[in-house]
Amino acid sequence: MQIFNTLTRSKEDFKPIEPGKVRMYVCGPTVYNFIHIGNARPMIVFDTVRRYMEYKGLDVNYVSNFTDVDDKIIKEAIEEGSTSEEVSQRFIAECKKDMASLNVKPATTHPLATGEIDGMIDMISTLIEKGYAYRAEDGTVYYRTRKFEGYGKLSHKNIDDLEGGHRDIKVTGDDNKEDPLDFVLWKPKKEGEPFWESPWCDGRPGWHIECSVMSKKYLGDEIDIHAGGEDLIFPHHENEIAQSEAANGKQFSRYWMHNAFLNIDNKKMSKSLGNFFTVREILEKYDPMVLRFFMLNAHYRSPLNFSADLMEAAKNSLLRIMTAEEKLKDLLAAGNGAETKTADEENLLKESENYVKKFEDAMEDDFNTADAIAAVFELVKFINVNVNEERSKEFVTEIKKTLDTLSDVLGLKIEKEEELLDSDIEALIQERQDARKNKDFARADEIRDILKDKGIILEDSREGVKWKRA
Ligand code: AMP
Ligand code: ZN
């Protein structure tokens with residue numbers, strides 16, 4: 001298995017530190033809003049990396065954090081008159097719902113920054129003891145960037161070139177820094193903000209220290225893979241390396257993986273350009289599997305453009321795979337063929353193994369999901385040509401298993417959902433009305449969500465509840 005390592009800028013053979021086991025850390029979102037479709041890219045991409053590794057028999061310990069204390073969360077809390085805890089808890093729950101819709105497996109551990117403050121204080125103390133950090137007069141603790149010899153090795157930046165461009169890493173409280181390159185590990189509290197006690201001042205951690213600490217706690221000092229979007233290479237991941245390697249005295253992560261950005265209609269997604277979409281908004285228009293399939297149609301290191309046309313194309317392509325799956329299912333349900341496979345079918349099965357091999361070769365080559373999907377389409381074509389009512393059950397079962405396994409590695413659910421009959425819909429609507437009358441709003445909301453998942457839209461009107469299929 002080859003992985004493109006940002007650290008060396010080359011594809012390298014993947015060798016885990018402990019044979020058979022993978023320790024993987026993926027930087028998670030800051031939870032102040034619903035996740036946007038850009039955030040969904042690393043989730044889907046690295047979930048697919050994990051799934052492929054598990055398919056190969058590796059035991060993956062997958063850690064992904066939620067940043068639940070941050071300026072943006074505090075701002076949101078102030079705006080809505082609640083607390084940052086309330087805001088982050090709500091959006092963590094919403095993010096988990098989106099992940100489930102997109103068939104992104106829950107991480108082995110999803111640590112929260114606010115649950116790991118003690119570890120952060122420990123690591124900052126170690127850095128101060130070792131001379132890599134210092135407390136400024138106002139209580140801010142800074143990392144002494146120049147002291148870390150390898151600084152710039154991930155982003156391939158020369159520390160002396162950074163001086164002029166230090167705006168990139170400028171942070172609050174700059175006046176007290178020894179050097180403009182130094183970055184914050186701990187910052188003093190401000191009025192109305194959440195804070196924790198520390199040996200330096202009441203305050204809260206800087207963002208970079210979170211990931212160094214959570215990775216150490218759940219995966220150890222040395223890990224196999226650290227991943228995230230390419231915007232995190234500098235300064236976030238560069239700073240994580242400086243912190244972890246200075247504190248632990250060991251190489252932090254062997255492989256660094258970064259996904260390229262998702263753009264909208266060839267422009268950077270931004271609220272001010274009015275081209276900002278949450279996953280939730282997109283899932284109102286498309287099946288979540290279409291979004292997942294769309295993301296995997298590009299290599300994770302290539303920029304990906306999102307547009308309505310491309311989503312339509314993804315929808316139609318995915319439908320071809322789903323139709324092949326349905327054909328296999330229907331044949332098995334009809335049960336017309338003989339029980340056991342013939343010699344001819346045995347040969348066909350051998351032929352189908354070529355597509356599995358192509359799929360694996362693509363995935364072994366730095367997770368080239370675009371080529372892996374092309375191999376799945378070759379298998380679909382093979383099914384369309386070679387599978388019919390005369391085939392034995394054993395043959396159809398084995399082909400179906402192959403298609404299901406490859407789809408599952410990509411995290412694609414390819415079974416067409418059973419459509420609800422009109423009578424079922426009306427019965428559910430009646431049950432929802434009854435639940436509302438009985439003030440059982442939880443059940444009423446649950447029914448609305450069930451119907452929504454099946455593409456049924458409810459409209460409450462004066463004449464009663466109307467419904468339509470999306
Ligand atoms: P954030 O909440 O901004 O820290 O982002 C969470 C994750 O989403 C990080 O790995 C980011 O690199 C990634 N990310 C943010 N925007 C995009 C985008 N437009 N395309 C791809 N990845 C993104
Ligand atoms: Zn991180």
# chains A, B, ... in the order shown; residues from 1 in each chain; ligands from 1
$ closest_atom_pairs --of "chain A" --to "ligand 1" --cutoff "9 Å" --atoms "only C-alpha atoms and all ligand atoms" --output "tab-separated table"
residue	atom	partner	partner_atom_place_in_ligand_line	distance
A:Val26	CA	ligand 1	10 (O)	7.4
A:Cys27	CA	ligand 1	10 (O)	5.5
A:Gly28	CA	ligand 1	6 (C)	5.2
A:Pro29	CA	ligand 1	2 (O)	3.4
A:Thr30	CA	ligand 1	2 (O)	4.0
A:Val31	CA	ligand 1	2 (O)	6.8
A:Tyr32	CA	ligand 1	2 (O)	8.6
A:Ile35	CA	ligand 1	2 (O)	7.6
A:His36	CA	ligand 1	16 (N)	7.6
A:Ile37	CA	ligand 1	19 (N)	7.1
A:Gly38	CA	ligand 1	18 (C)	3.4
A:Asn39	CA	ligand 1	8 (O)	3.6
A:Ala40	CA	ligand 1	8 (O)	6.8
A:Arg41	CA	ligand 1	21 (C)	5.3
A:Pro42	CA	ligand 1	10 (O)	5.8
A:Met43	CA	ligand 1	8 (O)	7.8
A:Phe66	CA	ligand 1	2 (O)	8.6
A:Thr67	CA	ligand 1	2 (O)	7.8
A:Ala227	CA	ligand 1	10 (O)	7.4
A:Gly228	CA	ligand 1	10 (O)	3.8
A:Gly229	CA	ligand 1	12 (O)	3.0
A:Glu230	CA	ligand 1	12 (O)	5.6
A:Asp231	CA	ligand 1	12 (O)	5.1
A:Leu232	CA	ligand 1	12 (O)	5.4
A:Ile233	CA	ligand 1	12 (O)	8.6
A:His258	CA	ligand 1	12 (O)	8.0
A:Asn259	CA	ligand 1	21 (C)	6.5
A:Ala260	CA	ligand 1	21 (C)	5.9
A:Phe261	CA	ligand 1	20 (N)	3.4
A:Leu262	CA	ligand 1	20 (N)	3.8
A:Asn263	CA	ligand 1	19 (N)	5.9
A:Ile264	CA	ligand 1	19 (N)	8.5
A:Lys268	CA	ligand 1	19 (N)	7.0
A:Met269	CA	ligand 1	19 (N)	6.1
A:Ser270	CA	ligand 1	19 (N)	8.7
A:Pro303	CA	ligand 1	20 (N)	8.2
A:Leu304	CA	ligand 1	20 (N)	8.0
$ write_last_selection --atoms "N, CA, C and O atoms" --output "tab-separated table (two decimals), in the first residue's frame"
chain	number	residue	atom	x	y	z
A	26	VAL	N	-7.34	12.12	12.74
A	26	VAL	CA	-7.87	13.03	11.72
A	26	VAL	C	-8.44	14.27	12.42
A	26	VAL	O	-9.33	14.15	13.27
A	27	CYS	N	-7.91	15.44	12.07
A	27	CYS	CA	-8.39	16.67	12.71
A	27	CYS	C	-9.87	16.87	12.37
A	27	CYS	O	-10.26	16.85	11.21
A	28	GLY	N	-10.65	17.07	13.40
A	28	GLY	CA	-12.10	17.19	13.21
A	28	GLY	C	-12.54	18.64	13.15
A	28	GLY	O	-11.72	19.56	13.26
A	29	PRO	N	-13.84	18.86	13.00
A	29	PRO	CA	-14.34	20.22	12.79
A	29	PRO	C	-14.46	21.03	14.09
A	29	PRO	O	-14.52	20.48	15.18
A	30	THR	N	-14.49	22.35	13.90
A	30	THR	CA	-14.84	23.26	14.99
A	30	THR	C	-16.35	23.38	14.95
A	30	THR	O	-16.92	23.70	13.89
A	31	VAL	N	-16.99	23.11	16.08
A	31	VAL	CA	-18.44	22.91	16.04
A	31	VAL	C	-19.23	24.16	16.48
A	31	VAL	O	-19.64	24.28	17.62
A	32	TYR	N	-19.41	25.08	15.50
A	32	TYR	CA	-20.18	26.29	15.80
A	32	TYR	C	-21.35	26.45	14.84
A	32	TYR	O	-22.07	27.42	14.87
A	35	ILE	N	-21.98	21.27	9.75
A	35	ILE	CA	-20.79	21.13	8.92
A	35	ILE	C	-21.15	21.47	7.46
A	35	ILE	O	-22.28	21.24	7.02
A	36	HIS	N	-20.16	22.03	6.75
A	36	HIS	CA	-20.41	22.35	5.35
A	36	HIS	C	-19.85	21.23	4.46
A	36	HIS	O	-19.16	20.32	4.96
A	37	ILE	N	-20.16	21.30	3.17
A	37	ILE	CA	-19.78	20.17	2.32
A	37	ILE	C	-18.27	20.06	2.16
A	37	ILE	O	-17.76	18.99	1.85
A	38	GLY	N	-17.53	21.16	2.40
A	38	GLY	CA	-16.06	21.08	2.40
A	38	GLY	C	-15.58	20.22	3.56
A	38	GLY	O	-14.71	19.36	3.40
A	39	ASN	N	-16.18	20.41	4.73
A	39	ASN	CA	-15.81	19.59	5.90
A	39	ASN	C	-16.09	18.11	5.66
A	39	ASN	O	-15.45	17.25	6.25
A	40	ALA	N	-17.10	17.85	4.82
A	40	ALA	CA	-17.47	16.45	4.57
A	40	ALA	C	-16.39	15.73	3.76
A	40	ALA	O	-16.29	14.50	3.81
A	41	ARG	N	-15.57	16.49	3.03
A	41	ARG	CA	-14.57	15.82	2.17
A	41	ARG	C	-13.57	15.02	3.00
A	41	ARG	O	-13.42	13.82	2.76
A	42	PRO	N	-12.85	15.65	3.98
A	42	PRO	CA	-11.94	14.82	4.77
A	42	PRO	C	-12.65	13.69	5.51
A	42	PRO	O	-12.09	12.59	5.64
A	43	MET	N	-13.86	13.94	5.95
A	43	MET	CA	-14.58	12.87	6.67
A	43	MET	C	-14.76	11.65	5.78
A	43	MET	O	-14.51	10.52	6.18
A	66	PHE	N	-13.34	16.83	18.22
A	66	PHE	CA	-14.21	17.98	17.97
A	66	PHE	C	-13.59	19.15	18.71
A	66	PHE	O	-13.31	19.05	19.91
A	67	THR	N	-13.35	20.25	17.99
A	67	THR	CA	-12.85	21.46	18.65
A	67	THR	C	-14.06	22.17	19.22
A	67	THR	O	-14.87	22.74	18.47
A	227	ALA	N	-3.98	13.21	9.61
A	227	ALA	CA	-4.63	13.67	8.39
A	227	ALA	C	-5.54	14.85	8.61
A	227	ALA	O	-5.96	15.15	9.73
A	228	GLY	N	-5.86	15.51	7.49
A	228	GLY	CA	-6.80	16.65	7.52
A	228	GLY	C	-6.79	17.33	6.16
A	228	GLY	O	-6.10	16.87	5.24
A	229	GLY	N	-7.52	18.42	6.06
A	229	GLY	CA	-7.53	19.18	4.81
A	229	GLY	C	-6.21	19.92	4.62
A	229	GLY	O	-5.50	20.18	5.59
A	230	GLU	N	-5.91	20.27	3.37
A	230	GLU	CA	-4.58	20.84	3.08
A	230	GLU	C	-4.35	22.21	3.72
A	230	GLU	O	-3.22	22.63	3.90
A	231	ASP	N	-5.44	22.90	4.08
A	231	ASP	CA	-5.26	24.19	4.76
A	231	ASP	C	-4.64	24.01	6.15
A	231	ASP	O	-4.16	24.97	6.74
A	232	LEU	N	-4.65	22.79	6.64
A	232	LEU	CA	-4.12	22.55	7.99
A	232	LEU	C	-2.61	22.31	8.00
A	232	LEU	O	-1.99	22.30	9.06
A	233	ILE	N	-2.01	22.15	6.81
A	233	ILE	CA	-0.57	21.84	6.77
A	233	ILE	C	0.20	22.93	7.51
A	233	ILE	O	1.04	22.66	8.37
A	258	HIS	N	-3.14	14.77	3.33
A	258	HIS	CA	-3.97	15.98	3.23
A	258	HIS	C	-4.85	15.95	1.99
A	258	HIS	O	-4.35	15.71	0.90
A	259	ASN	N	-6.14	16.20	2.21
A	259	ASN	CA	-7.04	16.27	1.06
A	259	ASN	C	-7.04	17.68	0.49
A	259	ASN	O	-6.88	18.66	1.23
A	260	ALA	N	-7.22	17.76	-0.84
A	260	ALA	CA	-7.34	19.07	-1.48
A	260	ALA	C	-8.74	19.64	-1.20
A	260	ALA	O	-9.62	18.93	-0.68
A	261	PHE	N	-8.95	20.88	-1.59
A	261	PHE	CA	-10.20	21.55	-1.25
A	261	PHE	C	-11.33	21.25	-2.22
A	261	PHE	O	-11.12	20.85	-3.35
A	262	LEU	N	-12.52	21.42	-1.69
A	262	LEU	CA	-13.71	21.36	-2.51
A	262	LEU	C	-14.12	22.80	-2.80
A	262	LEU	O	-14.21	23.61	-1.88
A	263	ASN	N	-14.32	23.10	-4.08
A	263	ASN	CA	-14.75	24.44	-4.47
A	263	ASN	C	-16.16	24.36	-5.05
A	263	ASN	O	-16.61	23.28	-5.43
A	264	ILE	N	-16.80	25.51	-5.14
A	264	ILE	CA	-18.15	25.51	-5.70
A	264	ILE	C	-18.13	26.30	-7.00
A	264	ILE	O	-17.70	27.46	-7.00
A	268	LYS	N	-13.88	29.47	-4.48
A	268	LYS	CA	-13.74	29.08	-3.08
A	268	LYS	C	-15.11	29.26	-2.41
A	268	LYS	O	-15.81	30.24	-2.66
A	269	MET	N	-15.47	28.28	-1.59
A	269	MET	CA	-16.76	28.38	-0.91
A	269	MET	C	-16.67	29.45	0.17
A	269	MET	O	-15.77	29.42	1.00
A	270	SER	N	-17.59	30.40	0.17
A	270	SER	CA	-17.57	31.38	1.25
A	270	SER	C	-18.95	31.98	1.42
A	270	SER	O	-19.71	32.10	0.45
A	303	PRO	N	-8.10	18.99	-6.43
A	303	PRO	CA	-9.21	19.88	-6.07
A	303	PRO	C	-10.49	19.32	-6.69
A	303	PRO	O	-10.45	18.69	-7.75
A	304	LEU	N	-11.59	19.55	-6.02
A	304	LEU	CA	-12.86	18.98	-6.48
A	304	LEU	C	-13.85	20.12	-6.64
A	304	LEU	O	-13.97	20.96	-5.75
$ select_by_dssp --residues "segment 4-166 of chain A" --states "helix (DSSP H, G or I)" --output "MDAnalysis selection string"
chainID A and resid 37:55 71:80 84:101 113:115 117:129 145:147 159:162 166
$ residues_around --residues "segment 207-221 of chain A" --least-positions-apart "5" --cutoff "6 Å" --atoms "only C-alpha atoms" --output "VMD selection string"
chain A and resid 113 120 236 240 244
$ write_last_selection --atoms "C-alpha atoms" --output "tab-separated table (two decimals), in the first residue's frame"
chain	number	residue	atom	x	y	z
A	113	ALA	CA	-10.94	19.60	23.52
A	120	MET	CA	-2.80	20.26	27.66
A	236	HIS	CA	-1.72	23.84	12.36
A	240	GLU	CA	1.55	20.20	16.16
A	244	SER	CA	4.67	16.96	20.06
$ residues_around --residues "segment 280-292 of chain A" --least-positions-apart "3" --cutoff "6 Å" --atoms "only C-alpha atoms" --output "PDB file with N, CA and C atoms, in the first residue's frame"
ATOM      1  N   LEU A 102     -23.972  10.087   5.820  1.00  0.00           N
ATOM      2  CA  LEU A 102     -22.961   9.881   4.773  1.00  0.00           C
ATOM      3  C   LEU A 102     -22.235   8.548   4.941  1.00  0.00           C
ATOM      4  N   MET A 295     -17.886  12.689  -4.044  1.00  0.00           N
ATOM      5  CA  MET A 295     -16.586  13.027  -3.426  1.00  0.00           C
ATOM      6  C   MET A 295     -15.519  12.009  -3.820  1.00  0.00           C
ATOM      7  N   LYS A 315     -25.260  11.210  -9.604  1.00  0.00           N
ATOM      8  CA  LYS A 315     -26.510  10.512  -9.284  1.00  0.00           C
ATOM      9  C   LYS A 315     -26.795   9.425 -10.327  1.00  0.00           C
TER      10      LYS A 315
END
$ atom_distance --atom1 "atom CA of Lys327 of chain A" --atom2 "atom CA of Asp47 of chain A"
28.3 Å
$ decode --residues "segment 217-301 of chain A" --atoms "C-alpha atoms" --output "PDB file, in the first residue's frame"
ATOM      1  CA  LYS A 217      -3.467  10.373  24.932  1.00  0.00           C
ATOM      2  CA  TYR A 218      -5.447   8.092  22.632  1.00  0.00           C
ATOM      3  CA  LEU A 219      -2.754   6.856  20.246  1.00  0.00           C
ATOM      4  CA  GLY A 220       0.615   7.318  21.964  1.00  0.00           C
ATOM      5  CA  ASP A 221       3.701   9.433  21.268  1.00  0.00           C
ATOM      6  CA  GLU A 222       4.286   7.956  17.808  1.00  0.00           C
ATOM      7  CA  ILE A 223       1.451   7.458  15.361  1.00  0.00           C
ATOM      8  CA  ASP A 224       1.164   6.125  11.825  1.00  0.00           C
ATOM      9  CA  ILE A 225      -1.058   8.650  10.073  1.00  0.00           C
ATOM     10  CA  HIS A 226      -2.130  12.193  10.813  1.00  0.00           C
ATOM     11  CA  ALA A 227      -4.631  13.666   8.385  1.00  0.00           C
ATOM     12  CA  GLY A 228      -6.802  16.645   7.516  1.00  0.00           C
ATOM     13  CA  GLY A 229      -7.532  19.184   4.814  1.00  0.00           C
ATOM     14  CA  GLU A 230      -4.578  20.838   3.081  1.00  0.00           C
ATOM     15  CA  ASP A 231      -5.263  24.191   4.761  1.00  0.00           C
ATOM     16  CA  LEU A 232      -4.119  22.552   7.993  1.00  0.00           C
ATOM     17  CA  ILE A 233      -0.565  21.838   6.768  1.00  0.00           C
ATOM     18  CA  PHE A 234       0.505  25.301   7.844  1.00  0.00           C
ATOM     19  CA  PRO A 235       0.430  26.424  10.539  1.00  0.00           C
ATOM     20  CA  HIS A 236      -1.724  23.841  12.363  1.00  0.00           C
ATOM     21  CA  HIS A 237       0.124  20.631  11.572  1.00  0.00           C
ATOM     22  CA  GLU A 238       3.535  22.288  11.486  1.00  0.00           C
ATOM     23  CA  ASN A 239       2.846  23.566  15.004  1.00  0.00           C
ATOM     24  CA  GLU A 240       1.548  20.198  16.162  1.00  0.00           C
ATOM     25  CA  ILE A 241       4.834  18.617  15.060  1.00  0.00           C
ATOM     26  CA  ALA A 242       6.832  21.306  16.890  1.00  0.00           C
ATOM     27  CA  GLN A 243       4.833  20.752  20.088  1.00  0.00           C
ATOM     28  CA  SER A 244       4.668  16.955  20.059  1.00  0.00           C
ATOM     29  CA  GLU A 245       8.235  16.266  18.979  1.00  0.00           C
ATOM     30  CA  ALA A 246       9.713  18.797  21.413  1.00  0.00           C
ATOM     31  CA  ALA A 247       7.602  17.462  24.305  1.00  0.00           C
ATOM     32  CA  ASN A 248       7.853  13.719  23.559  1.00  0.00           C
ATOM     33  CA  GLY A 249      11.306  13.541  21.968  1.00  0.00           C
ATOM     34  CA  LYS A 250      10.022  11.189  19.254  1.00  0.00           C
ATOM     35  CA  GLN A 251       8.855  11.446  15.667  1.00  0.00           C
ATOM     36  CA  PHE A 252       5.186  12.397  15.928  1.00  0.00           C
ATOM     37  CA  SER A 253       3.532  10.915  12.831  1.00  0.00           C
ATOM     38  CA  ARG A 254       5.157   8.784  10.135  1.00  0.00           C
ATOM     39  CA  TYR A 255       2.724   9.714   7.353  1.00  0.00           C
ATOM     40  CA  TRP A 256       0.877  12.982   6.840  1.00  0.00           C
ATOM     41  CA  MET A 257      -2.120  12.904   4.503  1.00  0.00           C
ATOM     42  CA  HIS A 258      -3.966  15.983   3.233  1.00  0.00           C
ATOM     43  CA  ASN A 259      -7.036  16.265   1.058  1.00  0.00           C
ATOM     44  CA  ALA A 260      -7.344  19.074  -1.483  1.00  0.00           C
ATOM     45  CA  PHE A 261     -10.198  21.549  -1.246  1.00  0.00           C
ATOM     46  CA  LEU A 262     -13.710  21.358  -2.506  1.00  0.00           C
ATOM     47  CA  ASN A 263     -14.753  24.441  -4.469  1.00  0.00           C
ATOM     48  CA  ILE A 264     -18.151  25.511  -5.700  1.00  0.00           C
ATOM     49  CA  ASP A 265     -18.579  26.341  -9.381  1.00  0.00           C
ATOM     50  CA  ASN A 266     -14.782  26.756  -9.459  1.00  0.00           C
ATOM     51  CA  LYS A 267     -14.790  29.333  -6.675  1.00  0.00           C
ATOM     52  CA  LYS A 268     -13.744  29.085  -3.077  1.00  0.00           C
ATOM     53  CA  MET A 269     -16.759  28.376  -0.906  1.00  0.00           C
ATOM     54  CA  SER A 270     -17.566  31.380   1.251  1.00  0.00           C
ATOM     55  CA  LYS A 271     -20.565  32.896   2.937  1.00  0.00           C
ATOM     56  CA  SER A 272     -19.870  36.308   1.409  1.00  0.00           C
ATOM     57  CA  LEU A 273     -19.961  34.881  -2.138  1.00  0.00           C
ATOM     58  CA  GLY A 274     -23.289  33.222  -1.324  1.00  0.00           C
ATOM     59  CA  ASN A 275     -21.954  29.817  -2.388  1.00  0.00           C
ATOM     60  CA  PHE A 276     -21.777  28.185   1.000  1.00  0.00           C
ATOM     61  CA  PHE A 277     -23.652  24.932   1.521  1.00  0.00           C
ATOM     62  CA  THR A 278     -24.091  22.840   4.604  1.00  0.00           C
ATOM     63  CA  VAL A 279     -24.287  19.074   4.231  1.00  0.00           C
ATOM     64  CA  ARG A 280     -27.822  19.321   5.596  1.00  0.00           C
ATOM     65  CA  GLU A 281     -28.886  21.653   2.765  1.00  0.00           C
ATOM     66  CA  ILE A 282     -27.448  19.384   0.102  1.00  0.00           C
ATOM     67  CA  LEU A 283     -29.090  16.315   1.628  1.00  0.00           C
ATOM     68  CA  GLU A 284     -32.466  17.967   1.208  1.00  0.00           C
ATOM     69  CA  LYS A 285     -31.904  17.700  -2.559  1.00  0.00           C
ATOM     70  CA  TYR A 286     -29.809  14.564  -2.940  1.00  0.00           C
ATOM     71  CA  ASP A 287     -29.472  11.143  -1.454  1.00  0.00           C
ATOM     72  CA  PRO A 288     -26.437  11.162   0.910  1.00  0.00           C
ATOM     73  CA  MET A 289     -24.882   8.354  -1.125  1.00  0.00           C
ATOM     74  CA  VAL A 290     -24.821  10.646  -4.168  1.00  0.00           C
ATOM     75  CA  LEU A 291     -22.735  13.160  -2.199  1.00  0.00           C
ATOM     76  CA  ARG A 292     -20.393  10.433  -0.966  1.00  0.00           C
ATOM     77  CA  PHE A 293     -20.062   8.945  -4.427  1.00  0.00           C
ATOM     78  CA  PHE A 294     -19.433  12.398  -5.912  1.00  0.00           C
ATOM     79  CA  MET A 295     -16.586  13.027  -3.426  1.00  0.00           C
ATOM     80  CA  LEU A 296     -14.935   9.693  -4.176  1.00  0.00           C
ATOM     81  CA  ASN A 297     -15.049  10.222  -7.928  1.00  0.00           C
ATOM     82  CA  ALA A 298     -11.998  12.456  -7.625  1.00  0.00           C
ATOM     83  CA  HIS A 299      -8.634  11.589  -6.147  1.00  0.00           C
ATOM     84  CA  TYR A 300      -8.444  13.052  -2.658  1.00  0.00           C
ATOM     85  CA  ARG A 301      -5.379  15.148  -3.513  1.00  0.00           C
TER      86      ARG A 301
END
